[in-house]
Structures are given as C-alpha cells and as structure tokens.
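Have a look at coords_27.txt; it's compact mmCIF, C-alpha atoms and all ligand atoms:
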```
# COMPACT_ATOMS: atom_id res chain seq x y z
CA MET A 1393 -4.31 7.07 -22.87
CA GLU A 1394 -7.35 4.69 -22.69
CA ASN A 1395 -6.37 2.23 -19.98
CA LYS A 1396 -2.91 3.42 -19.15
CA ILE A 1397 -1.56 5.00 -16.01
CA GLU A 1398 -0.11 8.35 -17.07
CA LEU A 1399 2.24 10.70 -15.26
CA THR A 1400 2.17 14.42 -15.98
CA ILE A 1401 3.87 17.26 -14.17
CA LEU A 1402 2.34 20.66 -13.53
CA ASP A 1403 5.17 22.94 -12.56
CA LYS A 1404 4.16 26.57 -13.06
CA LYS A 1405 7.37 28.00 -11.56
CA ASN A 1406 9.67 25.67 -13.52
CA PHE A 1407 11.37 24.09 -10.54
CA LEU A 1408 11.96 21.09 -12.74
CA ASN A 1409 13.99 22.43 -15.60
CA GLU A 1410 13.12 20.34 -18.66
CA ASP A 1411 16.69 19.98 -19.92
CA GLU A 1412 17.93 18.99 -16.51
CA PHE A 1413 15.09 16.49 -16.20
CA LYS A 1414 15.95 14.92 -19.56
CA SER A 1415 19.62 14.80 -18.80
CA LYS A 1416 19.02 13.17 -15.40
CA LEU A 1417 16.82 10.55 -17.10
CA SER A 1418 19.55 9.65 -19.52
CA GLU A 1419 22.17 9.70 -16.76
CA MET A 1420 20.03 7.11 -14.94
CA ALA A 1421 19.52 4.89 -18.01
CA PRO A 1422 22.21 2.35 -16.97
CA LEU A 1423 20.66 2.08 -13.51
CA LEU A 1424 17.23 1.50 -15.05
CA GLU A 1425 18.57 -1.26 -17.27
CA ALA A 1426 20.36 -2.91 -14.34
CA ALA A 1427 17.22 -2.69 -12.20
CA LYS A 1428 15.07 -4.24 -14.91
CA LYS A 1429 17.33 -7.28 -14.85
CA GLY A 1430 17.61 -7.21 -11.08
CA GLU A 1431 20.96 -6.18 -9.70
CA LYS A 1432 23.18 -8.99 -8.41
CA GLU A 1433 23.89 -7.05 -5.24
CA TYR A 1434 20.20 -7.26 -4.30
CA LYS A 1435 19.38 -10.67 -5.69
CA ASN A 1436 18.24 -11.94 -2.30
CA PHE A 1437 15.59 -9.21 -2.08
CA LEU A 1438 14.21 -9.21 -5.58
CA GLY A 1439 11.83 -12.16 -5.42
CA TRP A 1440 8.98 -9.76 -6.30
CA LEU A 1441 10.56 -8.40 -9.49
CA SER A 1442 9.43 -11.08 -11.94
CA VAL A 1443 5.91 -11.40 -10.46
CA ASP A 1444 5.86 -15.01 -11.73
CA GLU A 1445 8.29 -16.20 -9.07
CA THR A 1446 5.73 -15.55 -6.33
CA ALA A 1447 2.42 -15.48 -8.23
CA GLY A 1448 2.64 -17.94 -11.09
CA GLU A 1449 -0.59 -19.29 -12.59
CA GLU A 1450 -0.55 -22.65 -10.79
CA HIS A 1451 0.25 -21.06 -7.48
CA LEU A 1452 -2.61 -18.57 -7.83
CA LYS A 1453 -5.01 -21.41 -8.61
CA SER A 1454 -4.16 -23.24 -5.43
CA LEU A 1455 -4.23 -20.04 -3.38
CA CYS A 1456 -7.71 -19.27 -4.74
CA LEU A 1457 -8.90 -22.78 -3.86
CA GLN A 1458 -7.72 -22.36 -0.29
CA ALA A 1459 -9.30 -18.92 -0.08
CA ASP A 1460 -12.60 -20.30 -1.44
CA GLN A 1461 -12.69 -22.91 1.33
CA VAL A 1462 -12.40 -20.14 3.88
CA ARG A 1463 -14.96 -17.96 2.10
CA LYS A 1464 -17.50 -20.79 2.12
CA ASP A 1465 -17.41 -21.08 5.88
CA ALA A 1466 -16.11 -17.86 7.44
CA ASP A 1467 -18.15 -14.88 8.40
CA VAL A 1468 -15.07 -13.08 9.64
CA PHE A 1469 -11.40 -13.36 8.70
CA VAL A 1470 -8.82 -11.79 10.98
CA VAL A 1471 -5.54 -10.64 9.45
CA ILE A 1472 -2.74 -10.46 12.00
CA GLY A 1473 0.27 -8.52 10.76
CA ILE A 1474 2.10 -5.22 10.80
CA GLY A 1475 4.06 -3.05 8.37
CA GLY A 1476 4.57 -4.77 5.07
CA SER A 1477 2.73 -7.83 6.33
CA ASN A 1478 -0.68 -6.19 6.21
CA GLN A 1479 -0.47 -2.95 4.23
CA ALA A 1480 -1.03 -4.23 0.67
CA SER A 1481 -4.04 -6.42 1.40
CA ARG A 1482 -5.60 -3.74 3.58
CA ALA A 1483 -5.03 -1.16 0.84
CA ALA A 1484 -6.72 -3.35 -1.78
CA ILE A 1485 -9.60 -4.47 0.43
CA HIS A 1486 -10.42 -0.92 1.50
CA ALA A 1487 -10.13 0.38 -2.05
CA LEU A 1488 -12.27 -2.32 -3.65
CA ARG A 1489 -14.71 -3.16 -0.85
CA PRO A 1490 -15.57 -6.59 -2.25
CA GLN A 1491 -19.06 -7.81 -1.34
CA ASN A 1492 -20.36 -11.26 -0.41
CA GLY A 1493 -17.24 -12.25 1.48
CA PRO A 1494 -16.44 -12.52 5.16
CA GLU A 1495 -15.85 -9.40 7.17
CA ILE A 1496 -12.13 -8.64 7.38
CA ILE A 1497 -10.66 -7.48 10.68
CA TRP A 1498 -7.11 -6.24 11.20
CA THR A 1499 -5.09 -6.84 14.30
CA GLY A 1500 -1.49 -7.42 15.33
CA ASN A 1501 -0.69 -3.90 14.12
CA THR A 1502 -0.85 -2.22 17.52
CA ILE A 1503 -0.08 -3.01 21.16
CA SER A 1504 -3.04 -0.98 22.41
CA ALA A 1505 -4.85 -2.93 25.14
CA MET A 1506 -8.13 -1.24 24.21
CA GLU A 1507 -7.82 -2.30 20.58
CA MET A 1508 -7.15 -5.91 21.57
CA LYS A 1509 -10.07 -5.85 24.02
CA ARG A 1510 -12.35 -4.46 21.32
CA THR A 1511 -11.20 -7.02 18.77
CA LEU A 1512 -11.95 -9.88 21.15
CA GLU A 1513 -15.34 -8.36 21.97
CA GLU A 1514 -16.10 -7.86 18.30
CA LEU A 1515 -15.34 -11.50 17.54
CA GLU A 1516 -18.19 -12.51 19.85
CA ARG A 1517 -20.59 -11.20 17.23
CA TYR A 1518 -19.44 -13.76 14.65
CA ARG A 1519 -20.26 -17.42 14.23
CA SER A 1520 -17.36 -18.66 12.13
CA ILE A 1521 -13.93 -17.12 12.63
CA TYR A 1522 -10.76 -17.78 10.66
CA ILE A 1523 -7.41 -16.14 11.28
CA ASN A 1524 -4.24 -15.54 9.26
CA CYS A 1525 -1.06 -14.60 11.09
CA ILE A 1526 1.45 -13.05 8.69
CA ALA A 1527 4.99 -12.48 9.90
CA LYS A 1528 8.17 -12.99 7.96
CA ASN A 1529 10.37 -14.53 10.62
CA PHE A 1530 7.86 -14.32 13.44
CA GLU A 1531 10.06 -12.17 15.65
CA THR A 1532 7.91 -9.04 15.60
CA LEU A 1533 6.20 -8.36 18.93
CA GLU A 1534 2.81 -7.08 17.71
CA PRO A 1535 1.75 -10.00 15.50
CA GLY A 1536 3.43 -12.43 17.90
CA ILE A 1537 1.31 -11.51 20.92
CA ALA A 1538 -1.83 -10.91 18.88
CA PHE A 1539 -1.52 -14.39 17.39
CA ARG A 1540 -1.23 -15.90 20.85
CA MET A 1541 -4.36 -14.05 22.01
CA LEU A 1542 -6.40 -15.09 18.99
CA ARG A 1543 -5.19 -18.69 19.01
CA ARG A 1544 -6.26 -19.01 22.60
CA TYR A 1545 -9.56 -17.38 21.81
CA LEU A 1546 -10.25 -19.83 18.96
CA GLU A 1547 -9.20 -22.80 21.08
CA LYS A 1548 -11.65 -21.78 23.80
CA ARG A 1549 -14.46 -21.26 21.35
CA TYR A 1550 -14.00 -24.24 19.05
CA GLY A 1551 -11.71 -26.68 20.86
CA ILE A 1552 -8.07 -27.34 19.90
CA LYS A 1553 -8.69 -29.46 16.81
CA GLU A 1554 -11.30 -27.24 15.20
CA ALA A 1555 -9.27 -24.12 16.06
CA SER A 1556 -6.27 -25.55 14.18
CA ARG A 1557 -8.37 -25.92 11.05
CA ARG A 1558 -9.24 -22.26 11.25
CA ILE A 1559 -5.69 -20.99 11.56
CA PHE A 1560 -3.52 -19.95 8.61
CA ALA A 1561 -0.01 -18.65 9.05
CA THR A 1562 2.18 -17.00 6.43
CA GLY A 1563 5.88 -17.09 7.18
CA THR A 1564 9.26 -18.05 5.76
CA PRO A 1565 10.07 -21.71 5.44
CA GLY A 1566 12.18 -22.78 8.41
CA SER A 1567 10.82 -20.04 10.68
CA THR A 1568 9.31 -20.51 14.15
CA LEU A 1569 5.97 -19.81 12.56
CA GLU A 1570 6.32 -22.75 10.21
CA GLN A 1571 7.30 -24.93 13.16
CA LEU A 1572 4.15 -23.83 15.01
CA CYS A 1573 2.13 -24.87 11.95
CA ILE A 1574 3.82 -28.26 11.77
CA ASP A 1575 3.39 -28.89 15.49
CA ASN A 1576 -0.24 -27.80 15.62
CA GLY A 1577 -1.71 -28.58 12.23
CA TYR A 1578 -2.21 -24.98 11.07
CA THR A 1579 -2.15 -24.28 7.35
CA PHE A 1580 1.16 -22.78 6.30
CA LEU A 1581 1.48 -20.25 3.48
CA VAL A 1582 4.75 -18.93 2.15
CA PHE A 1583 6.30 -15.56 2.82
CA PRO A 1584 9.07 -15.79 0.23
CA GLU A 1585 12.54 -15.50 1.71
CA LYS A 1586 13.59 -13.17 -1.09
CA VAL A 1587 10.79 -10.63 -0.57
CA GLY A 1588 10.66 -8.00 2.17
CA GLY A 1589 7.35 -6.99 3.75
CA ARG A 1590 6.82 -3.77 1.83
CA TYR A 1591 7.46 -5.52 -1.48
CA SER A 1592 5.10 -8.42 -0.71
CA ALA A 1593 1.85 -7.30 -2.40
CA GLY A 1594 2.20 -9.98 -5.09
CA THR A 1595 2.89 -12.88 -2.71
CA ASP A 1596 0.74 -15.01 -0.39
CA VAL A 1597 1.18 -12.18 2.14
CA GLY A 1598 -0.90 -9.72 0.16
CA LEU A 1599 -2.84 -12.03 -2.13
CA PHE A 1600 -4.34 -14.55 0.30
CA PRO A 1601 -6.31 -12.04 2.43
CA MET A 1602 -7.38 -10.28 -0.76
CA ALA A 1603 -8.68 -13.56 -2.19
CA VAL A 1604 -10.52 -14.43 1.02
CA ALA A 1605 -12.16 -11.01 0.93
CA GLY A 1606 -13.39 -11.73 -2.59
CA ILE A 1607 -10.92 -9.78 -4.69
CA ASP A 1608 -10.03 -11.26 -8.07
CA ILE A 1609 -6.33 -11.79 -7.36
CA CYS A 1610 -5.66 -13.03 -10.90
CA ALA A 1611 -6.64 -9.54 -12.10
CA VAL A 1612 -4.39 -7.92 -9.47
CA VAL A 1613 -1.48 -10.07 -10.59
CA SER A 1614 -2.20 -9.46 -14.27
CA GLY A 1615 -2.02 -5.73 -13.49
CA MET A 1616 1.36 -6.24 -11.84
CA ARG A 1617 2.61 -8.27 -14.80
CA ASN A 1618 1.29 -5.69 -17.22
CA MET A 1619 3.14 -2.91 -15.44
CA LYS A 1620 6.29 -5.03 -15.24
CA ASN A 1621 6.19 -5.58 -19.00
CA ARG A 1622 5.53 -1.91 -19.62
CA LEU A 1623 8.48 -0.87 -17.46
CA LEU A 1624 10.69 -3.40 -19.21
CA ARG A 1625 9.65 -1.96 -22.60
CA GLU A 1626 9.97 1.70 -21.77
CA SER A 1627 13.40 3.22 -22.17
CA ALA A 1628 14.83 5.78 -19.76
CA LYS A 1629 13.42 8.82 -21.57
CA ASP A 1630 9.82 7.69 -21.17
CA ASN A 1631 9.90 5.11 -18.38
CA ILE A 1632 7.12 6.11 -15.99
CA ALA A 1633 8.82 4.63 -12.91
CA LEU A 1634 12.13 6.32 -13.66
CA LYS A 1635 10.44 9.64 -14.47
CA TYR A 1636 8.71 9.58 -11.11
CA ALA A 1637 11.91 8.65 -9.26
CA VAL A 1638 13.91 11.34 -11.06
CA ALA A 1639 11.27 14.04 -10.50
CA ARG A 1640 11.31 13.23 -6.78
CA LYS A 1641 15.10 13.37 -6.68
CA LEU A 1642 15.33 16.71 -8.49
CA LEU A 1643 12.66 18.24 -6.28
CA TYR A 1644 14.42 16.91 -3.20
CA ASP A 1645 17.64 18.49 -4.42
CA ARG A 1646 15.75 21.80 -4.85
CA GLY A 1647 15.01 21.74 -1.13
CA TYR A 1648 11.62 20.07 -1.00
CA ASN A 1649 11.48 17.83 2.04
CA ILE A 1650 7.97 16.48 1.89
CA GLU A 1651 6.04 14.64 -0.78
CA MET A 1652 2.31 14.74 -0.24
CA MET A 1653 0.10 12.22 -1.98
CA ALA A 1654 -3.32 13.78 -2.68
CA TYR A 1655 -6.45 11.93 -3.79
CA PHE A 1656 -10.16 12.61 -3.91
CA GLU A 1657 -11.40 9.09 -3.23
CA PRO A 1658 -11.20 8.27 0.50
CA ARG A 1659 -11.18 4.59 -0.32
CA LEU A 1660 -7.54 5.17 -1.27
CA ASP A 1661 -6.64 6.08 2.33
CA TYR A 1662 -5.00 2.73 2.99
CA PHE A 1663 -3.37 2.66 -0.41
CA ALA A 1664 -1.70 5.93 0.56
CA LYS A 1665 -0.61 4.29 3.83
CA TRP A 1666 0.92 1.46 1.83
CA TRP A 1667 2.76 3.99 -0.38
CA ILE A 1668 3.98 5.91 2.68
CA GLN A 1669 5.40 2.76 4.21
CA ALA A 1670 7.07 1.69 0.98
CA PHE A 1671 8.92 4.97 0.50
CA ALA A 1672 9.54 5.98 4.12
CA GLU A 1673 10.92 2.65 5.25
CA SER A 1674 12.89 2.03 2.08
CA GLU A 1675 14.36 5.47 1.58
CA GLY A 1676 14.57 7.21 4.94
CA LYS A 1677 18.23 6.54 5.66
CA ASP A 1678 21.56 8.36 5.98
CA SER A 1679 19.77 11.52 7.17
CA LYS A 1680 18.14 12.05 3.79
CA ALA A 1681 14.99 11.41 1.75
CA LEU A 1682 11.59 12.93 1.21
CA TYR A 1683 9.08 12.50 4.02
CA PRO A 1684 5.98 10.95 2.42
CA VAL A 1685 2.58 12.05 3.74
CA ALA A 1686 -0.96 11.94 2.38
CA VAL A 1687 -4.05 14.13 2.15
CA SER A 1688 -7.49 12.70 1.63
CA ALA A 1689 -9.44 15.36 -0.20
CA SER A 1690 -11.66 17.14 0.01
CA GLU A 1691 -11.78 16.53 3.79
CA ASP A 1692 -8.16 17.44 4.45
CA LEU A 1693 -8.40 20.58 2.32
CA HIS A 1694 -10.35 21.92 5.29
CA SER A 1695 -7.39 21.33 7.59
CA VAL A 1696 -3.91 20.97 6.07
CA GLY A 1697 -5.19 22.66 2.90
CA GLN A 1698 -4.42 26.00 4.57
CA PHE A 1699 -0.82 24.95 5.21
CA ILE A 1700 -0.39 23.74 1.64
CA GLN A 1701 -1.68 27.00 0.20
CA GLN A 1702 0.09 29.50 2.45
CA GLY A 1703 2.34 27.70 4.92
CA ASN A 1704 6.02 26.83 4.76
CA PRO A 1705 6.68 25.84 1.10
CA ILE A 1706 8.50 22.62 1.92
CA LEU A 1707 6.30 20.20 0.01
CA PHE A 1708 5.36 19.11 -3.45
CA GLU A 1709 2.30 17.05 -4.33
CA THR A 1710 1.66 13.76 -6.08
CA PHE A 1711 -1.97 13.53 -7.13
CA LEU A 1712 -3.85 10.33 -7.88
CA GLN A 1713 -6.57 11.15 -10.39
CA VAL A 1714 -9.19 8.49 -11.17
CA ARG A 1715 -10.60 8.78 -14.70
CA GLU A 1716 -13.50 6.33 -14.53
CA LYS A 1717 -16.86 7.77 -13.56
CA ASP A 1718 -17.63 4.85 -11.31
CA ALA A 1719 -20.58 6.27 -9.41
CA SER A 1720 -23.23 8.83 -10.10
CA VAL A 1721 -25.28 10.62 -7.46
CA ILE A 1722 -27.35 13.61 -8.49
CA LEU A 1723 -28.11 16.39 -6.03
CA PRO A 1724 -31.88 16.94 -6.09
CA TYR A 1725 -33.74 20.22 -6.38
CA ASP A 1726 -35.30 21.35 -3.08
CA GLU A 1727 -37.64 24.23 -2.38
CA LYS A 1728 -36.18 24.81 1.09
CA LYS A 1729 -33.82 27.76 1.03
CA ASP A 1730 -30.41 26.27 1.77
CA TYR A 1731 -28.71 28.25 -1.03
CA PHE A 1732 -27.20 25.16 -2.67
CA ASP A 1733 -29.49 25.35 -5.67
CA TYR A 1734 -26.62 26.29 -7.93
CA LEU A 1735 -25.55 22.64 -7.59
CA ALA A 1736 -28.99 21.08 -8.09
CA GLY A 1737 -29.04 18.54 -10.88
CA LYS A 1738 -25.26 18.15 -10.74
CA ASP A 1739 -23.50 14.88 -10.12
CA PHE A 1740 -21.34 14.40 -6.99
CA TRP A 1741 -18.74 12.74 -9.23
CA ASP A 1742 -18.47 15.85 -11.42
CA ILE A 1743 -18.40 18.21 -8.45
CA ASN A 1744 -15.58 16.14 -6.93
CA ASN A 1745 -13.70 16.22 -10.20
CA ILE A 1746 -14.06 20.00 -10.43
CA ALA A 1747 -12.79 20.27 -6.83
CA ARG A 1748 -9.77 18.18 -7.82
CA CYS A 1749 -8.91 20.37 -10.81
CA ALA A 1750 -9.47 23.55 -8.78
CA THR A 1751 -7.17 22.27 -6.04
CA MET A 1752 -4.38 21.37 -8.40
CA LYS A 1753 -4.71 24.77 -10.12
CA ALA A 1754 -4.61 26.69 -6.81
CA HIS A 1755 -1.68 24.70 -5.47
CA SER A 1756 0.35 24.88 -8.65
CA GLU A 1757 -0.33 28.63 -8.97
CA ARG A 1758 1.09 28.98 -5.49
CA GLY A 1759 4.26 27.44 -6.91
CA ILE A 1760 3.85 23.92 -5.62
CA PRO A 1761 5.10 21.39 -8.16
CA CYS A 1762 2.26 18.93 -8.81
CA LEU A 1763 2.89 15.47 -10.18
CA ASN A 1764 -0.26 13.80 -11.41
CA PHE A 1765 -0.79 10.06 -11.81
CA SER A 1766 -3.92 9.68 -13.86
CA ILE A 1767 -5.26 6.16 -13.37
CA PRO A 1768 -8.04 4.56 -15.43
CA ALA A 1769 -10.08 3.25 -12.48
CA ILE A 1770 -9.94 1.87 -8.97
CA ASP A 1771 -10.12 -1.79 -9.88
CA GLU A 1772 -8.09 -4.96 -9.38
CA HIS A 1773 -5.99 -4.59 -12.50
CA THR A 1774 -5.11 -0.94 -11.88
CA LEU A 1775 -4.26 -1.56 -8.23
CA GLY A 1776 -1.93 -4.34 -9.34
CA GLU A 1777 -0.30 -1.91 -11.77
CA LEU A 1778 0.05 0.74 -9.08
CA PHE A 1779 1.58 -1.68 -6.57
CA TYR A 1780 4.20 -2.76 -9.07
CA LEU A 1781 4.84 0.75 -10.40
CA PHE A 1782 5.50 2.17 -6.94
CA MET A 1783 7.56 -0.81 -5.77
CA PHE A 1784 9.80 -0.56 -8.82
CA SER A 1785 9.97 3.20 -8.60
CA CYS A 1786 10.84 2.97 -4.93
CA TYR A 1787 13.67 0.58 -5.73
CA LEU A 1788 14.98 3.03 -8.37
CA SER A 1789 14.52 6.01 -6.11
CA CYS A 1790 16.54 4.43 -3.32
CA ARG A 1791 19.30 3.52 -5.73
CA ILE A 1792 19.37 7.10 -7.10
CA ASN A 1793 19.63 8.31 -3.51
CA GLU A 1794 22.31 5.71 -2.84
CA VAL A 1795 20.53 3.93 -0.01
CA ASN A 1796 19.67 0.26 0.34
CA PRO A 1797 16.02 -0.16 -0.79
CA PHE A 1798 15.46 -3.34 1.18
CA ASP A 1799 16.71 -2.93 4.72
CA GLN A 1800 15.35 -0.93 7.67
CA PRO A 1801 18.06 -0.81 10.36
CA GLY A 1802 16.53 2.32 11.93
CA VAL A 1803 13.46 0.52 13.24
CA GLU A 1804 15.65 -1.57 15.55
CA PHE A 1805 16.59 1.36 17.77
CA TYR A 1806 13.32 1.76 19.70
CA LYS A 1807 12.97 -2.02 19.80
CA LYS A 1808 16.32 -2.32 21.55
CA ASN A 1809 15.14 -0.01 24.34
CA MET A 1810 11.75 -1.68 24.51
CA PHE A 1811 13.11 -5.22 24.65
CA LYS A 1812 15.56 -4.22 27.39
CA GLU A 1813 12.67 -2.91 29.49
CA LEU A 1814 10.58 -5.97 28.70
CA LYS A 1815 13.50 -8.25 29.60
CA LYS A 1816 13.44 -10.14 26.32
CA PRO A 1817 15.97 -12.98 26.55
CA VAL A 1818 19.05 -12.30 24.46
CA ALA A 1819 19.31 -14.78 21.58
O1 LIG B 1 8.74 -3.92 5.05
C1 LIG B 1 9.19 -4.53 5.99
O2 LIG B 1 10.10 -5.39 5.88
C2 LIG B 1 8.65 -4.31 7.39
O3 LIG B 1 7.74 -3.27 7.40
C3 LIG B 1 7.98 -5.58 7.91
O4 LIG B 1 7.00 -5.96 7.00
C4 LIG B 1 7.37 -5.37 9.29
O5 LIG B 1 8.33 -4.92 10.18
C5 LIG B 1 6.76 -6.65 9.81
O6 LIG B 1 7.70 -7.67 9.83
P1 LIG B 1 7.31 -9.18 10.06
O7 LIG B 1 6.54 -9.64 8.89
O8 LIG B 1 8.63 -9.91 10.12
O9 LIG B 1 6.52 -9.24 11.31
```
Show this structure as structure tokens.
Amino acid sequence: MENKIELTILDKKNFLNEDEFKSKLSEMAPLLEAAKKGEKEYKNFLGWLSVDETAGEEHLKSLCLQADQVRKDADVFVVIGIGGSNQASRAAIHALRPQNGPEIIWTGNTISAMEMKRTLEELERYRSIYINCIAKNFETLEPGIAFRMLRRYLEKRYGIKEASRRIFATGTPGSTLEQLCIDNGYTFLVFPEKVGGRYSAGTDVGLFPMAVAGIDICAVVSGMRNMKNRLLRESAKDNIALKYAVARKLLYDRGYNIEMMAYFEPRLDYFAKWWIQAFAESEGKDSKALYPVAVSASEDLHSVGQFIQQGNPILFETFLQVREKDASVILPYDEKKDYFDYLAGKDFWDINNIARCATMKAHSERGIPCLNFSIPAIDEHTLGELFYLFMFSCYLSCRINEVNPFDQPGVEFYKKNMFKELKKPVA
C-alpha cells in the first residue's frame, strides 16, 4: 500500500458479480495490451501516452527556466484558456496552493461581460502582469476574445514593446496563434499537435502555468511516468486503469447512468472538474455513457446528500480518499454551552475522516456501489499519477464503449447556431 494509489470496490448488494468482473477483465486484455502500445488508429492523438514525448527532461528544464523568469517579475499571471486548455493546471494549482508565486487568474473560459469587467478591474491592483493564452488552433471564441482584451490592456499599461515581453502563447505550430507570436514578438510554447486539450496535463499547456505558480512540475511528470510504468507492468487482471474502466462499464450496463466523484477535501474541486471534462467530453457520444458529476463533501452532503441516500437510485460513487494526515487542527475545550464538547480535543482531520467512512457506509448500505481510490497524499507526484491514471482509463473506457476517445463533434452544434447569429465569416 505505502505510496500506491489503490482501487477497492464496496458493493454490498453485489451489483458487480465477481466472476463477471473477472471475465470482463480478461475479455479486455487484448484491448489493454493494444492501448499500452498505442493503437495505430489513434496514433495522431496519443502524443501524451509516453509522457517523454511532451515532457522529456531537457524540455522540462527549459520550461522551468522560462517559468522562473516570469516568477521573478510577475505578481499576477493570467491564464487564458477553456476546456482542456486550462483544466489541468487549474486543478493542480487549486489542489496544491503553492506559495511565494504570483497570483494566478483564470479567464477566457466564459463570455460573461461581468467576469471580463471584473478581471480587468482586478488587474488594476497588480504591478507586474504576465499572460498566457492557451488555445490549440486558436479558433475558440472565448480565449480568442479574452486574449484580444488582455493584449490591449497590457499594451495600454506597458506600451507595445514591453507588453510583448509579457505575453506567452501556447498553440500548435503553424497555427494563427504562432503567427501572432512571430509577428509581435510574443513567446511561443507548444501545444503538441498529437495531444487533445483534455489529455494535455503533461504538456506545456498544463505544465507551464503550474511551474509559474510554483509547482514542482518535475514531480508531477515523475508521477505521470510512474503511473505509466505501473500500468504497463500490470496485466489485465490487476491493472488499476482497466479495473476502473470495466467497473464503470458493468455498472453502466446494470442501468446506472451517473457516476458521482466524492471527496472530502474541497481543494480537489477543480480536479473533479478536470475529471468530469475528461470523461464527459471523451465518452458522451452515440447516445450513451455515464454522466460524470462531483460532490464536495461534507458541504454537498447537506444538499445532494439527501438525493444520494433516498432519491432515484441512478448513480454510483467514486470516492477519492486521501491517506496522508496533512493538517491537524484540534477543537478546543470551551466552557460556553454549545453542546459540542463531545468533540473537544479531537482533530478536524480525524473528524473529517470519520465523516468519510460514515458516508461510504451509509451510501453502500443503501445499495449504492462505491468505488474507492485511496491516494497517498495531495502532492505533485500523486496528482501526476492521477492525471495519467484517469487519462489512460478514459481512453480504455471509451474503447470499451466503442466511441472515439479523442474527438468531440457534439460541441460544434451550439457553435454553429452561435456563429450564424454572430455572422462569423465562413472559412
Ligand atoms: O479537450 C478538448 O479538446 C477541448 O475541451 C478543448 O480543449 C477546448 O475546446 C478548447 O480548445 P482550444 O484549445 O482549441 O481553444
């Protein structure tokens, strides 16, 4: 156990029949082996699989050097991006809350006028602003217009030349974004052609903002590599990524429509958002797939907790349990009669842990299948492992469900209507 991520399944009503589970794992063994090598059919989307292709040692060194330059001078760093272009770095930065770095602000992920107004107002509070626009082909509306706003803002504040020095852009070579960098002297970082947004945690897309924030990206990448090697080693019967994908599939076939990720550390809120995007956008096709949602406990136990316990039994849960006791806060004794004395002298961490166990017990006794990922800690290495584990598992899960893991044709539909209204010129 020690430092490993473990998956266990608590299934009081035996929805997952053990024999069926084992037989499905062995049925999927050829798929697992093909996925480990990277299937030819998807070779143009598997740039993330090896980890080294996008985050080799030399590359990380130079990325860290660039990030250090920004860290030395910036008191705020604005990440412009949406979907896969901002989720991984935001997940890691919120989970790890690195200190002594610039403030990180997120924009380009909404079209709300109020949010843009507030962002521009907020920037007034800072002395030294740097920005990073991340967009694969730079065709997405949100980062496109946010980048224009922020560029103009920087130009007004610092003058054209100084603004250029403060602008980083991460895009695919040959894209309009690269051309903007060439024409205007912005620093260009690479969004690898063979990696889609939601698989981009281990590329400049995810790693550069993390490094600027002060996260040890070498540790994140070593976690990814560690998980890759583990998944390569593990055969079908005990491969943690395949087990997760197969459990999801069998539960889906039993009629479960929703998978709810549950965690007791709110700093995982944005990690859960990353996970939701990965699975929903990869798998939600052909009128099938689990709908991934998240509950941040214990807060949400006081809202959707009621539904989980006694509402429509359409969901199963995937818990994230953190083993490390990473903080200790003792509730003091107090002579005032508030009737919480039974907790005096107890540690918040332990109370939270008891709440977690009690929740899983109550939900599983209700008949809700509970998958539990027990993770050693919330740290760089473990987050790297989790990113890779879920990306690989998502790839397997899509293949088991016979959908393409790497496209997202459905998101074009609303855009078509919107662009028509906005009179976007037809290419
Ligand atoms: O996972 C994906 O491919 C998408 O979510 C994209 O990341 C998202 O649509 C943003 O795309 P882009 O980086 O091209 O602006």
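Residues in contact range of A:Glu1675, defined as at most 10 Å between all atoms listed in the file, with sequence neighbours fewer than 3 positions away removed, read A:Gln1669, A:Ala1670, A:Phe1671, A:Ala1672, A:Asp1678, A:Ser1679, A:Lys1680, A:Ala1681, A:Leu1682, A:Tyr1683, A:Cys1786, A:Tyr1787, A:Ser1789, A:Cys1790, A:Arg1791, A:Asn1793, A:Glu1794, A:Val1795, A:Asn1796, A:Pro1797, A:Phe1798, A:Asp1799, A:Gln1800.
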Coordinates-based distance that separates atom CA of A:Arg1543 from atom CA of A:Met1506 (Å, one decimal): 18.4 Å
Spatial neighbours of stretch 1499-1502 of chain A, 10 Å, all atoms listed in the file, chain gap at least 4 places, as JSON, numbers by chain: {"A": [1470, 1471, 1472, 1473, 1474, 1475, 1477, 1478, 1479, 1506, 1507, 1508, 1511, 1525, 1526, 1527, 1532, 1533, 1534, 1535, 1536, 1537, 1538, 1539, 1541, 1542]}
Spatial neighbours of A:Ile1792, 10 Å, all atoms listed in the file, chain gap at least 6 places, as a list in words: Met1420, Leu1423, Leu1424, Leu1634, Ala1637, Val1638, Lys1641 and Cys1786 of chain A
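The space between atom CA of A:Val1613 and atom CA of A:Ala1480 spans 12.7 Å.
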Residues near stretch 1518-1524 of chain A, cut-off 7 Å, all atoms listed in the file, skip fewer than 6 positions along chain, as JSON, numbers by chain: {"A": [1465, 1466, 1467, 1468, 1469, 1470, 1471, 1472, 1558, 1559, 1560, 1561]}
Can you patch up stretch 1630-1642 of chain A, filling it in to N, CA and C atoms, and show the result as a compact mmCIF listing (two decimals), keeping the file's coordinate frame?
```txt
# COMPACT_ATOMS: atom_id res chain seq x y z
N ASP A 1630 11.27 7.66 -21.42
CA ASP A 1630 9.82 7.69 -21.17
C ASP A 1630 9.35 6.62 -20.17
N ASN A 1631 10.26 6.12 -19.38
CA ASN A 1631 9.90 5.11 -18.38
C ASN A 1631 9.19 5.78 -17.19
N ILE A 1632 7.93 5.40 -17.00
CA ILE A 1632 7.12 6.11 -15.99
C ILE A 1632 7.69 5.97 -14.57
N ALA A 1633 8.27 4.82 -14.26
CA ALA A 1633 8.82 4.63 -12.91
C ALA A 1633 10.08 5.48 -12.73
N LEU A 1634 10.90 5.52 -13.77
CA LEU A 1634 12.13 6.32 -13.66
C LEU A 1634 11.79 7.81 -13.64
N LYS A 1635 10.82 8.22 -14.46
CA LYS A 1635 10.44 9.64 -14.47
C LYS A 1635 10.00 10.10 -13.08
N TYR A 1636 9.20 9.25 -12.45
CA TYR A 1636 8.71 9.58 -11.11
C TYR A 1636 9.89 9.67 -10.13
N ALA A 1637 10.77 8.67 -10.19
CA ALA A 1637 11.91 8.65 -9.26
C ALA A 1637 12.81 9.86 -9.49
N VAL A 1638 13.03 10.22 -10.75
CA VAL A 1638 13.91 11.34 -11.06
C VAL A 1638 13.26 12.67 -10.66
N ALA A 1639 11.96 12.81 -10.91
CA ALA A 1639 11.27 14.04 -10.50
C ALA A 1639 11.39 14.23 -8.99
N ARG A 1640 11.19 13.16 -8.24
CA ARG A 1640 11.31 13.23 -6.78
C ARG A 1640 12.71 13.67 -6.37
N LYS A 1641 13.71 13.07 -7.04
CA LYS A 1641 15.10 13.37 -6.68
C LYS A 1641 15.43 14.84 -6.97
N LEU A 1642 15.01 15.32 -8.15
CA LEU A 1642 15.33 16.71 -8.49
C LEU A 1642 14.63 17.68 -7.55
```
